[in-house]
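Peer 1: Pasting a structure here, questions to come.
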Amino acid sequence: MTTRNPEAPPVQCPPPAHPARRRDPLPWHRPKSTAEDPEALARVRAIMASPSYRVASEDADFLRGVDARGLRLQMDYLKAELLLRQHEVARTIVVFGSTRICEPAEARRKVEELEAALAADTGNAEVARRLNVARRILAKSRLYDVARELGRIVGEANKAATGPKTLVMTGGGPGIMEAANRGAFDGGAQTIGLNISLPHEQFPNPYVTTDLCFQFHYFALRKLHFLQRARALVAFPGGYGTFDEMFEILTLIQTRKIKPIPIVLVGEDYWKRAVDFDFLVEEGVIDIEDRELFWFAESAQDIWRGIQDWERLDRERQGQPA
């Protein structure tokens with residue numbers, strides 16, 4: 001190893017280079033001079049304006065194209081996943097239900113408006129039909145309060161727990177989803193909303209935690225996040241969207257594609273009329289044990305108690321302490 005002569009003059013090291021700027025520009029820092037080629041600048045501008053010149057990650061047209069679908073699927077999953085990890089969300093209570101089941105006061109106003117409209121036009125069959133629907137919504141509006149109370153209970157339990165966070169997760173929209181998010185919000189707890197981008201304008205409900213409201217492009221990735229941390233599914237009366245989510249989860253559990261979780265259907269009268277599960281058993285298209293994958297409840301306390309009882313029984317089945 002060579003040693004430095006202590007009598008040699010000190011080494012004069014140059015100052016560090018600036019991380020971005022240069023004293024002398026490199027040849028590509030300016031376009032070709034028009035003095036050399038009068039049309040050069042126009043050609044350079046045309047090249048830089050071409051879609052092919054865009055950086056791929058900033059090229060919206062490329063990212064929206066058919067060939068980039070795989071990338072979009074990855075991004076749709078990854079953004080929400082990283083933020084959920086960042087907020088240490090370990091488990092969720094997933095709540096589904098109709099966007100049309102509103103607060104009792106709002107449901108009552110709609111009935112009164114339609115009653116007045118029908119009184120002014122007694123022969124209007126369409127107004128009469130809408131009034132009957134509004135009255136049915138009013139009868140179900142008590143479930144808004146049930147979902148709101150459930151959100152509050154889950155939020156309170158989460159604040160009192162010493163282990164991983166368990167947050168209410170909904171589709172982020174109005175109606176029953178709003179109610180569940182609102183209950184957690186009332187108690188000062190965090191709550192999650194998974195919205196979906198649609199062709200028409202929509203708004204998330206105002207009770208989702210700001211940093212935990214996500215918008216997905218693909219229903220499939222949204223469903224994945226509904227299930228990935230689900231501790232339980234609570235399904236209130238709803239339409240196509242609620243049925244879609246509920247039956248997909250029932251199918252996944254029936255086939256043991258995922259580990260069984262508690263499934264609670266709220267509003268027994270509605271569900272027994274909407275779907276004749278006993279008929280499906282009698283017809284032999286599902287088994288009795290498939291009918292036992294869920295149960296009915298009417299109150300927030302019954303929903304929460306049932307989930308806790310199911311988990312206790314599951315721990316006992318596995319030989320774990322109750």
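We label chains A, B, ... in the order they appear in the structure tokens, count residues from 1 in each chain, and number ligands from 1 in the order shown.
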Give me the residues of range 26-129 of chain A that have any atom at most 10 Å from an atom of range 261-280 of chain A; for each, the nearest atom pair and the distance in Å, rounded to one decimal. Use only C-alpha atoms, sort by chain and number, and format it as CSV.
Peer 2:
residue,atom,partner,partner_atom,distance
A:Ile93,CA,A:Pro262,CA,9.8
A:Val94,CA,A:Ile263,CA,9.7
A:Val95,CA,A:Val264,CA,9.6
A:Phe96,CA,A:Leu265,CA,9.7
A:Gly97,CA,A:Val266,CA,9.3
Peer 1: Quick one: write out the picked residues with N, CA and C atoms as a compact mmCIF listing (two decimals), in the first residue's frame?
Peer 2:
# COMPACT_ATOMS: atom_id res chain seq x y z
N ILE A 93 -64.77 -4.92 9.32
CA ILE A 93 -66.16 -5.40 9.29
C ILE A 93 -66.77 -4.78 8.04
N VAL A 94 -67.09 -5.61 7.06
CA VAL A 94 -67.56 -5.12 5.76
C VAL A 94 -69.09 -5.03 5.81
N VAL A 95 -69.61 -3.86 5.46
CA VAL A 95 -71.06 -3.62 5.50
C VAL A 95 -71.54 -3.27 4.10
N PHE A 96 -72.52 -4.05 3.60
CA PHE A 96 -73.16 -3.79 2.32
C PHE A 96 -74.62 -3.43 2.56
N GLY A 97 -75.23 -2.81 1.57
CA GLY A 97 -76.65 -2.51 1.67
C GLY A 97 -77.04 -1.46 0.64
Peer 1: Pick the closest to Asp145 in chain A from A:Thr99, A:Ser299, A:Gln308, A:Ser52: which is it, counting only C-alpha atoms?
Peer 2: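 Looking at the shortest contact to Asp145 in chain A, the residue is A:Ser299.
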Peer 1: Can you list every residue in range 125-296 of chain A that DSSP puts in helix (DSSP H, G or I), as JSON, numbers by chain?
Peer 2: {"A": [125, 126, 127, 128, 129, 130, 131, 132, 133, 134, 135, 136, 137, 138, 139, 140, 142, 143, 144, 145, 146, 147, 148, 149, 150, 151, 152, 153, 154, 155, 156, 157, 158, 159, 160, 176, 177, 178, 179, 180, 181, 182, 183, 184, 185, 186, 210, 211, 212, 219, 220, 221, 222, 223, 224, 225, 226, 227, 228, 240, 241, 242, 243, 244, 245, 246, 247, 248, 249, 250, 251, 252, 253, 254, 268, 269, 270, 271, 272, 273, 274, 277, 278, 279, 280, 281, 282, 288, 289, 290, 291]}
Peer 1: Env of Gly171 in chain A: 9 Å cut, atoms = only C-alpha atoms, seq-sep filter 3 positions within chain, self excluded. Answer as a JSON list (two decimals) with N, CA and C atoms, in the first residue's frame.
Peer 2:
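Resulting contents of out37.json:
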[["chain", "number", "residue", "atom", "x", "y", "z"],
["A", 94, "VAL", "N", -67.09, -5.61, 7.06],
["A", 94, "VAL", "CA", -67.56, -5.12, 5.76],
["A", 94, "VAL", "C", -69.09, -5.03, 5.81],
["A", 95, "VAL", "N", -69.61, -3.86, 5.46],
["A", 95, "VAL", "CA", -71.06, -3.62, 5.50],
["A", 95, "VAL", "C", -71.54, -3.27, 4.10],
["A", 96, "PHE", "N", -72.52, -4.05, 3.60],
["A", 96, "PHE", "CA", -73.16, -3.79, 2.32],
["A", 96, "PHE", "C", -74.62, -3.43, 2.56],
["A", 174, "PRO", "N", -73.86, 6.33, -0.54],
["A", 174, "PRO", "CA", -74.91, 6.76, 0.38],
["A", 174, "PRO", "C", -75.69, 5.59, 0.96],
["A", 177, "MET", "N", -74.48, 2.23, 3.41],
["A", 177, "MET", "CA", -73.03, 2.41, 3.52],
["A", 177, "MET", "C", -72.69, 3.68, 4.28],
["A", 178, "GLU", "N", -73.39, 4.76, 3.94],
["A", 178, "GLU", "CA", -73.19, 6.02, 4.66],
["A", 178, "GLU", "C", -73.46, 5.84, 6.14],
["A", 192, "ILE", "N", -63.53, 3.16, 6.55],
["A", 192, "ILE", "CA", -63.01, 3.01, 5.19],
["A", 192, "ILE", "C", -64.14, 2.99, 4.17],
["A", 193, "GLY", "N", -63.90, 3.59, 3.01],
["A", 193, "GLY", "CA", -64.85, 3.53, 1.90],
["A", 193, "GLY", "C", -64.13, 3.15, 0.61],
["A", 194, "LEU", "N", -64.67, 2.17, -0.10],
["A", 194, "LEU", "CA", -64.10, 1.74, -1.38],
["A", 194, "LEU", "C", -65.06, 2.12, -2.50],
["A", 195, "ASN", "N", -64.87, 3.28, -3.08],
["A", 195, "ASN", "CA", -65.72, 3.72, -4.18],
["A", 195, "ASN", "C", -65.26, 3.07, -5.50],
["A", 196, "ILE", "N", -66.14, 3.17, -6.50],
["A", 196, "ILE", "CA", -65.81, 2.63, -7.81],
["A", 196, "ILE", "C", -66.06, 3.71, -8.85],
["A", 204, "PRO", "N", -68.42, 10.31, -2.79],
["A", 204, "PRO", "CA", -68.34, 9.47, -1.59],
["A", 204, "PRO", "C", -69.17, 10.09, -0.48],
["A", 222, "ARG", "N", -61.66, -4.07, -6.29],
["A", 222, "ARG", "CA", -62.43, -3.55, -5.16],
["A", 222, "ARG", "C", -62.94, -4.72, -4.30],
["A", 226, "PHE", "N", -62.30, -5.75, -0.36],
["A", 226, "PHE", "CA", -63.38, -6.00, 0.59],
["A", 226, "PHE", "C", -63.10, -7.26, 1.41]]
